[in-house]
Amino acid sequence: MKMLINVAETVVADALRGMAAAHPELTVDVERRVIVRRGAPYEGKVGLVSGGGSGHEPLHGGFVGRGMLDAACPGEVFTSPVPDQMVRAAAAVDSGAGVLFIVKNYTGDVLNFDMAAELAEDEGVQVAKVLVNDDVAVVDSLFTAGRRGTGATLFVEKLAGAAADAGAPLDRVAAVARRVNESSRSFGVALSAVTTPAKGTPTFDLPSGELELGIGIHGEPGRERRAMMTSGEIADVTVDAVVEDLQPDGPVIVLVNGMGATPLLELYGFNAEVHRALTERKVPVARTLVGNYVTSLDMAGCSVSICQVDEELLGLWDAPVSTPALRWGC
């Protein structure tokens, strides 16, 4: 497998050096693995911190900036960051208004963010935590107890980030984040296996002509394997999964997300089928985002995330955002 890297051992550090060179609006500590919004902390503003294993870019570092995260902690590929990173990030963004940790539901992330919260509070930082567990495909997996955190992480970071930028206090920002998570569901599909830099070969066997329904963002198994399906057939399966679980009774924001190796030409075609499937199920769409946002290295595939919104949440979605990977209204 050909990869555009130097050596596997420096993949994350090299990426962070490149991110620093491309985005002077961020402060990137390559050695200690913390990405911070330049100018932080902002007086009176709740700080938002998230993080997780590398390999899901632009999540999370690509969402640091105005209207989203104040800091992100990248771990090694598919490996949780360590508590020291999270404590440094919390200290860097705490203005005295408190810090919200946004945590995807993976065992390592949960344990390390819990420990970091205790350590940060020992240093005088008020911390709240919100768990993202939106994936409806499986209840437990190789990495989790309970549902996995996937595409809805973007919804939580955007909407809670807008609330924080508007001056909401910590309890309110945390309440928005929890509400968004509770209002969101996701389902992913793999068309190919993922290849990690350390292994250099696919991490699981997915024969040609087959796909995996309900895959996780680390390549964890899903619900079942089937023969390859058309874009419309895949849309029907994914939309059924998220709609049946959420049972939305109002408008939704839709994220049609690529897993890393699926081109936009295919994603936009798939989005047309997702909209058709939602319309047939009488689910109105308020906003749509299409692209590679919560990825799994070089995996071909897609995921669909929906978040039911009202006027308040839709206003927070439309609020200005300026990050390396998401930008509008600025």
# chains A, B, ... in the order shown; residues from 1 in each chain; ligands from 1
>>> residues_around(residues="Leu206 in chain A", least_positions_apart="4", cutoff="12 Å", atoms="only C-alpha atoms", output="list in words")
Val189, Ala190, Leu191, Ser192, Ala193, Val194, Pro202, Glu210, Leu211, Glu212, Leu213, Ile215, Gly219, Pro221, Glu224, Arg225, Arg226, Ala227, Met228, Met299 and Ala300 of chain A
>>> residues_around(residues="range 273-275 of chain A", least_positions_apart="3", cutoff="10 Å", atoms="only C-alpha atoms", output="VMD selection string")
chain A and resid 231 to 239 254 to 256 267 to 270 278 to 281 283 to 285 288 304
>>> atom_distance(atom1="CA of Asn292 in chain A", atom2="CA of Glu57 in chain A")
8.3 Å
>>> residues_around(residues="Thr27 in chain A", least_positions_apart="6", cutoff="8 Å", atoms="only C-alpha atoms", output="list in words")
Ala20, Ile35, Val36, Arg37 and Arg38 of chain A
>>> write_last_selection(atoms="all heavy atoms", output="PDB file, in the first residue's frame")
ATOM      1  N   ALA A  20       0.357  23.607  11.275  1.00  0.00           N
ATOM      2  CA  ALA A  20       0.864  24.882  11.784  1.00  0.00           C
ATOM      3  C   ALA A  20       1.302  25.789  10.643  1.00  0.00           C
ATOM      4  O   ALA A  20       1.060  27.008  10.663  1.00  0.00           O
ATOM      5  CB  ALA A  20       2.025  24.626  12.747  1.00  0.00           C
ATOM      6  N   ILE A  35      -3.692  21.664  19.904  1.00  0.00           N
ATOM      7  CA  ILE A  35      -4.017  22.682  18.909  1.00  0.00           C
ATOM      8  C   ILE A  35      -4.966  23.673  19.566  1.00  0.00           C
ATOM      9  O   ILE A  35      -6.019  23.285  20.079  1.00  0.00           O
ATOM     10  CB  ILE A  35      -4.692  22.054  17.675  1.00  0.00           C
ATOM     11  CG1 ILE A  35      -3.796  20.975  17.058  1.00  0.00           C
ATOM     12  CG2 ILE A  35      -5.048  23.122  16.646  1.00  0.00           C
ATOM     13  CD1 ILE A  35      -4.533  20.065  16.082  1.00  0.00           C
ATOM     14  N   VAL A  36      -4.607  24.964  19.558  1.00  0.00           N
ATOM     15  CA  VAL A  36      -5.374  25.977  20.287  1.00  0.00           C
ATOM     16  C   VAL A  36      -5.725  27.121  19.343  1.00  0.00           C
ATOM     17  O   VAL A  36      -4.903  27.526  18.497  1.00  0.00           O
ATOM     18  CB  VAL A  36      -4.583  26.510  21.504  1.00  0.00           C
ATOM     19  CG1 VAL A  36      -5.371  27.585  22.246  1.00  0.00           C
ATOM     20  CG2 VAL A  36      -4.216  25.372  22.451  1.00  0.00           C
ATOM     21  N   ARG A  37      -6.919  27.639  19.495  1.00  0.00           N
ATOM     22  CA  ARG A  37      -7.348  28.830  18.772  1.00  0.00           C
ATOM     23  C   ARG A  37      -6.491  30.012  19.205  1.00  0.00           C
ATOM     24  O   ARG A  37      -6.385  30.321  20.388  1.00  0.00           O
ATOM     25  CB  ARG A  37      -8.828  29.084  19.082  1.00  0.00           C
ATOM     26  CG  ARG A  37      -9.454  30.278  18.419  1.00  0.00           C
ATOM     27  CD  ARG A  37     -10.920  30.375  18.852  1.00  0.00           C
ATOM     28  NE  ARG A  37     -11.547  31.606  18.388  1.00  0.00           N
ATOM     29  CZ  ARG A  37     -12.777  31.988  18.727  1.00  0.00           C
ATOM     30  NH1 ARG A  37     -13.501  31.216  19.545  1.00  0.00           N
ATOM     31  NH2 ARG A  37     -13.269  33.112  18.257  1.00  0.00           N
ATOM     32  N   ARG A  38      -5.839  30.661  18.248  1.00  0.00           N
ATOM     33  CA  ARG A  38      -4.952  31.772  18.592  1.00  0.00           C
ATOM     34  C   ARG A  38      -5.747  32.896  19.261  1.00  0.00           C
ATOM     35  O   ARG A  38      -6.849  33.229  18.838  1.00  0.00           O
ATOM     36  CB  ARG A  38      -4.244  32.302  17.346  1.00  0.00           C
ATOM     37  CG  ARG A  38      -3.122  33.295  17.671  1.00  0.00           C
ATOM     38  CD  ARG A  38      -2.328  33.648  16.425  1.00  0.00           C
ATOM     39  NE  ARG A  38      -1.580  32.522  15.898  1.00  0.00           N
ATOM     40  CZ  ARG A  38      -0.393  32.129  16.358  1.00  0.00           C
ATOM     41  NH1 ARG A  38       0.162  32.757  17.383  1.00  0.00           N
ATOM     42  NH2 ARG A  38       0.237  31.109  15.800  1.00  0.00           N
TER      43      ARG A  38
END
>>> closest_residue(among="A:Cys302, A:Val156, A:Val132, A:Val125", to="Gly67 in chain A", atoms="only C-alpha atoms")
A:Val156
>>> closest_residue(among="A:Ala241, A:Leu170, A:Cys73, A:Met259", to="Asp134 in chain A", atoms="only C-alpha atoms")
A:Ala241
>>> closest_residue(among="A:Val138, A:Ile306, A:Ala90, A:Val77", to="Glu118 in chain A", atoms="only C-alpha atoms")
A:Ala90
>>> residues_around(residues="range 97-106 of chain A", least_positions_apart="5", cutoff="6 Å", atoms="only C-alpha atoms", output="list of chain:residue names")
A:Gly44, A:Lys45, A:Val46, A:Gly47, A:Leu48, A:Val49, A:Ser50, A:Gln126, A:Val127, A:Ala128, A:Lys129, A:Val130, A:Leu131, A:Val132, A:Asn133, A:Phe143, A:Thr144, A:Arg148, A:Gly149
>>> select_by_dssp(residues="range 60-146 of chain A", states="alpha helix (DSSP H)", output="VMD selection string")
chain A and resid 83 to 93 107 to 122
>>> closest_residue(among="A:Ala92, A:Met1, A:Val242, A:Ala22", to="Gly39 in chain A", atoms="only C-alpha atoms")
A:Ala92
>>> select_by_dssp(residues="range 157-202 of chain A", states="strand (DSSP E or B)", output="list in words")
Ser184, Arg185, Ser186, Phe187, Gly188, Val189, Ala190, Thr195 and Pro202 of chain A
>>> write_last_selection(atoms="all heavy atoms", output="short mmCIF file (atom, residue, chain, number, x, y, z; two decimals), in the first residue's frame")
data_model
loop_
_atom_site.label_atom_id
_atom_site.label_comp_id
_atom_site.auth_asym_id
_atom_site.auth_seq_id
_atom_site.Cartn_x
_atom_site.Cartn_y
_atom_site.Cartn_z
N SER A 184 -29.60 13.54 17.66
CA SER A 184 -28.81 13.15 16.49
C SER A 184 -28.64 11.63 16.40
O SER A 184 -28.53 10.95 17.42
CB SER A 184 -27.42 13.79 16.55
OG SER A 184 -27.50 15.20 16.57
N ARG A 185 -28.60 11.15 15.18
CA ARG A 185 -28.33 9.73 14.92
C ARG A 185 -27.46 9.62 13.67
O ARG A 185 -27.55 10.44 12.75
CB ARG A 185 -29.63 8.95 14.69
CG ARG A 185 -30.60 8.96 15.86
CD ARG A 185 -30.09 8.20 17.07
NE ARG A 185 -31.14 8.08 18.08
CZ ARG A 185 -31.39 8.99 19.02
NH1 ARG A 185 -30.67 10.12 19.06
NH2 ARG A 185 -32.35 8.79 19.91
N SER A 186 -26.63 8.55 13.62
CA SER A 186 -25.73 8.33 12.48
C SER A 186 -25.66 6.85 12.12
O SER A 186 -25.90 5.97 12.97
CB SER A 186 -24.31 8.82 12.82
OG SER A 186 -24.28 10.20 13.08
N PHE A 187 -25.29 6.60 10.86
CA PHE A 187 -25.10 5.24 10.38
C PHE A 187 -24.09 5.28 9.24
O PHE A 187 -24.22 6.10 8.33
CB PHE A 187 -26.44 4.67 9.88
CG PHE A 187 -26.41 3.20 9.54
CD1 PHE A 187 -26.72 2.25 10.50
CD2 PHE A 187 -26.09 2.77 8.26
CE1 PHE A 187 -26.71 0.89 10.19
CE2 PHE A 187 -26.07 1.42 7.93
CZ PHE A 187 -26.39 0.48 8.91
N GLY A 188 -23.08 4.38 9.30
CA GLY A 188 -22.01 4.40 8.31
C GLY A 188 -21.93 3.12 7.49
O GLY A 188 -22.38 2.05 7.92
N VAL A 189 -21.33 3.26 6.31
CA VAL A 189 -21.18 2.15 5.37
C VAL A 189 -19.75 2.15 4.84
O VAL A 189 -19.24 3.20 4.45
CB VAL A 189 -22.17 2.28 4.19
CG1 VAL A 189 -21.98 1.15 3.19
CG2 VAL A 189 -23.61 2.32 4.69
N ALA A 190 -19.12 0.97 4.82
CA ALA A 190 -17.76 0.84 4.27
C ALA A 190 -17.81 0.14 2.93
O ALA A 190 -18.44 -0.91 2.78
CB ALA A 190 -16.87 0.07 5.23
N THR A 195 -6.63 1.34 6.01
CA THR A 195 -5.21 0.98 6.14
C THR A 195 -4.54 1.97 7.08
O THR A 195 -4.54 3.18 6.81
CB THR A 195 -4.51 1.03 4.77
OG1 THR A 195 -5.20 0.19 3.85
CG2 THR A 195 -3.06 0.59 4.89
N PRO A 202 -4.59 -3.41 4.67
CA PRO A 202 -5.95 -3.27 5.19
C PRO A 202 -6.12 -3.98 6.54
O PRO A 202 -5.59 -5.08 6.75
CB PRO A 202 -6.82 -3.91 4.10
CG PRO A 202 -6.03 -3.72 2.85
CD PRO A 202 -4.59 -3.87 3.26
#
>>> residues_around(residues="range 162-166 of chain A", least_positions_apart="4", cutoff="12 Å", atoms="only C-alpha atoms", output="PyMOL selection string")
chain A and resi 41-49+65-70+97-100+155-158+170-177+180+312-322+329
>>> write_last_selection(atoms="N, CA and C atoms", output="CSV table (one decimal), in the first residue's frame")
chain,number,residue,atom,x,y,z
A,41,PRO,N,-7.1,32.3,26.0
A,41,PRO,CA,-8.5,32.3,26.3
A,41,PRO,C,-9.2,33.6,26.0
A,42,TYR,N,-10.5,33.6,25.6
A,42,TYR,CA,-11.3,34.8,25.4
A,42,TYR,C,-12.1,35.2,26.6
A,43,GLU,N,-11.9,36.4,27.0
A,43,GLU,CA,-12.5,36.8,28.3
A,43,GLU,C,-14.0,36.5,28.4
A,44,GLY,N,-14.4,35.9,29.4
A,44,GLY,CA,-15.8,35.6,29.7
A,44,GLY,C,-16.4,34.4,28.9
A,45,LYS,N,-15.6,33.8,28.0
A,45,LYS,CA,-16.1,32.8,27.1
A,45,LYS,C,-15.8,31.4,27.6
A,46,VAL,N,-16.8,30.5,27.6
A,46,VAL,CA,-16.6,29.1,27.9
A,46,VAL,C,-15.7,28.5,26.8
A,47,GLY,N,-14.7,27.8,27.3
A,47,GLY,CA,-13.7,27.1,26.4
A,47,GLY,C,-14.3,25.7,26.0
A,48,LEU,N,-14.2,25.4,24.7
A,48,LEU,CA,-14.6,24.0,24.2
A,48,LEU,C,-13.3,23.3,23.8
A,49,VAL,N,-13.2,22.1,24.4
A,49,VAL,CA,-12.1,21.2,24.1
A,49,VAL,C,-12.6,19.8,23.7
A,65,GLY,N,-11.5,27.0,16.0
A,65,GLY,CA,-11.6,28.3,15.5
A,65,GLY,C,-12.9,29.0,16.0
A,66,ARG,N,-13.1,30.1,15.5
A,66,ARG,CA,-14.3,30.9,15.8
A,66,ARG,C,-15.6,30.1,15.6
A,67,GLY,N,-16.4,30.0,16.6
A,67,GLY,CA,-17.7,29.3,16.4
A,67,GLY,C,-17.7,27.8,16.6
A,68,MET,N,-16.5,27.2,16.9
A,68,MET,CA,-16.5,25.8,17.2
A,68,MET,C,-15.6,25.6,18.4
A,69,LEU,N,-14.5,24.8,18.2
A,69,LEU,CA,-13.6,24.4,19.3
A,69,LEU,C,-12.6,25.5,19.6
A,70,ASP,N,-12.2,25.6,20.9
A,70,ASP,CA,-11.1,26.4,21.3
A,70,ASP,C,-9.8,25.7,21.3
A,97,ALA,N,-14.5,31.1,32.9
A,97,ALA,CA,-15.9,30.8,32.7
A,97,ALA,C,-16.2,29.3,32.6
A,98,GLY,N,-15.1,28.5,32.7
A,98,GLY,CA,-15.2,27.1,32.6
A,98,GLY,C,-14.9,26.5,31.2
A,99,VAL,N,-14.8,25.2,31.2
A,99,VAL,CA,-14.4,24.5,30.0
A,99,VAL,C,-15.3,23.3,29.8
A,100,LEU,N,-15.8,23.1,28.5
A,100,LEU,CA,-16.6,21.9,28.2
A,100,LEU,C,-15.7,20.9,27.4
A,155,PHE,N,-22.0,18.1,14.7
A,155,PHE,CA,-23.1,18.9,15.2
A,155,PHE,C,-22.9,19.4,16.5
A,156,VAL,N,-22.4,18.6,17.5
A,156,VAL,CA,-22.3,19.1,18.9
A,156,VAL,C,-21.2,20.2,18.9
A,157,GLU,N,-20.1,20.0,18.2
A,157,GLU,CA,-19.0,21.0,18.3
A,157,GLU,C,-19.5,22.3,17.6
A,158,LYS,N,-20.3,22.2,16.5
A,158,LYS,CA,-20.7,23.5,15.9
A,158,LYS,C,-21.8,24.2,16.7
A,170,LEU,N,-21.5,28.1,31.1
A,170,LEU,CA,-21.1,26.7,31.0
A,170,LEU,C,-22.2,25.8,31.1
A,171,ASP,N,-23.1,25.9,32.0
A,171,ASP,CA,-24.2,25.0,32.1
A,171,ASP,C,-25.1,25.0,30.9
A,172,ARG,N,-25.3,26.2,30.3
A,172,ARG,CA,-26.1,26.4,29.1
A,172,ARG,C,-25.4,25.7,27.9
A,173,VAL,N,-24.1,26.0,27.7
A,173,VAL,CA,-23.4,25.4,26.6
A,173,VAL,C,-23.5,23.9,26.7
A,174,ALA,N,-23.3,23.3,27.9
A,174,ALA,CA,-23.3,21.9,28.1
A,174,ALA,C,-24.7,21.3,27.8
A,175,ALA,N,-25.7,22.1,28.2
A,175,ALA,CA,-27.1,21.7,27.9
A,175,ALA,C,-27.4,21.6,26.4
A,176,VAL,N,-26.9,22.6,25.7
A,176,VAL,CA,-27.1,22.6,24.2
A,176,VAL,C,-26.4,21.4,23.6
A,177,ALA,N,-25.1,21.1,24.1
A,177,ALA,CA,-24.4,20.0,23.5
A,177,ALA,C,-25.1,18.7,23.8
A,180,VAL,N,-28.2,18.4,21.6
A,180,VAL,CA,-27.8,18.1,20.2
A,180,VAL,C,-27.5,16.6,20.0
A,312,GLU,N,-34.0,27.7,17.6
A,312,GLU,CA,-32.8,28.0,18.3
A,312,GLU,C,-31.6,27.2,17.8
A,313,LEU,N,-31.8,25.9,17.6
A,313,LEU,CA,-30.6,25.2,17.1
A,313,LEU,C,-30.3,25.5,15.7
A,314,LEU,N,-31.3,25.8,14.8
A,314,LEU,CA,-31.0,26.2,13.5
A,314,LEU,C,-30.2,27.6,13.5
A,315,GLY,N,-30.6,28.5,14.4
A,315,GLY,CA,-29.9,29.7,14.5
A,315,GLY,C,-28.4,29.5,14.9
A,316,LEU,N,-28.2,28.6,15.8
A,316,LEU,CA,-26.8,28.3,16.2
A,316,LEU,C,-26.0,27.6,15.0
A,317,TRP,N,-26.7,26.8,14.2
A,317,TRP,CA,-26.0,26.2,13.0
A,317,TRP,C,-25.6,27.3,12.1
A,318,ASP,N,-26.5,28.3,11.8
A,318,ASP,CA,-26.3,29.3,10.9
A,318,ASP,C,-25.3,30.4,11.4
A,319,ALA,N,-25.0,30.4,12.7
A,319,ALA,CA,-24.1,31.4,13.2
A,319,ALA,C,-22.7,31.3,12.6
A,320,PRO,N,-21.9,32.4,12.5
A,320,PRO,CA,-20.7,32.4,11.8
A,320,PRO,C,-19.7,31.4,12.4
A,321,VAL,N,-18.9,30.7,11.5
A,321,VAL,CA,-17.9,29.8,11.9
A,321,VAL,C,-16.7,30.0,11.0
A,322,SER,N,-15.5,29.9,11.6
A,322,SER,CA,-14.3,30.1,10.8
A,322,SER,C,-13.2,29.2,11.4
A,329,GLY,N,-20.4,32.6,7.0
A,329,GLY,CA,-20.9,33.8,7.7
A,329,GLY,C,-19.8,34.7,8.2
>>> closest_atom_pairs(of="range 195-299 of chain A", to="range 11-16 of chain A", cutoff="12 Å", atoms="only C-alpha atoms", output="Markdown table")
| residue | atom | partner | partner_atom | distance |
| --- | --- | --- | --- | --- |
| A:Thr196 | CA | A:Val11 | CA | 10.4 |
| A:Pro197 | CA | A:Val11 | CA | 7.7 |
| A:Ala198 | CA | A:Val11 | CA | 9.4 |
| A:Leu297 | CA | A:Val11 | CA | 12.0 |
>>> atom_distance(atom1="CA of Thr153 in chain A", atom2="CA of Thr203 in chain A")
24.2 Å
>>> atom_distance(atom1="CA of Asp245 in chain A", atom2="CA of Val290 in chain A")
22.0 Å
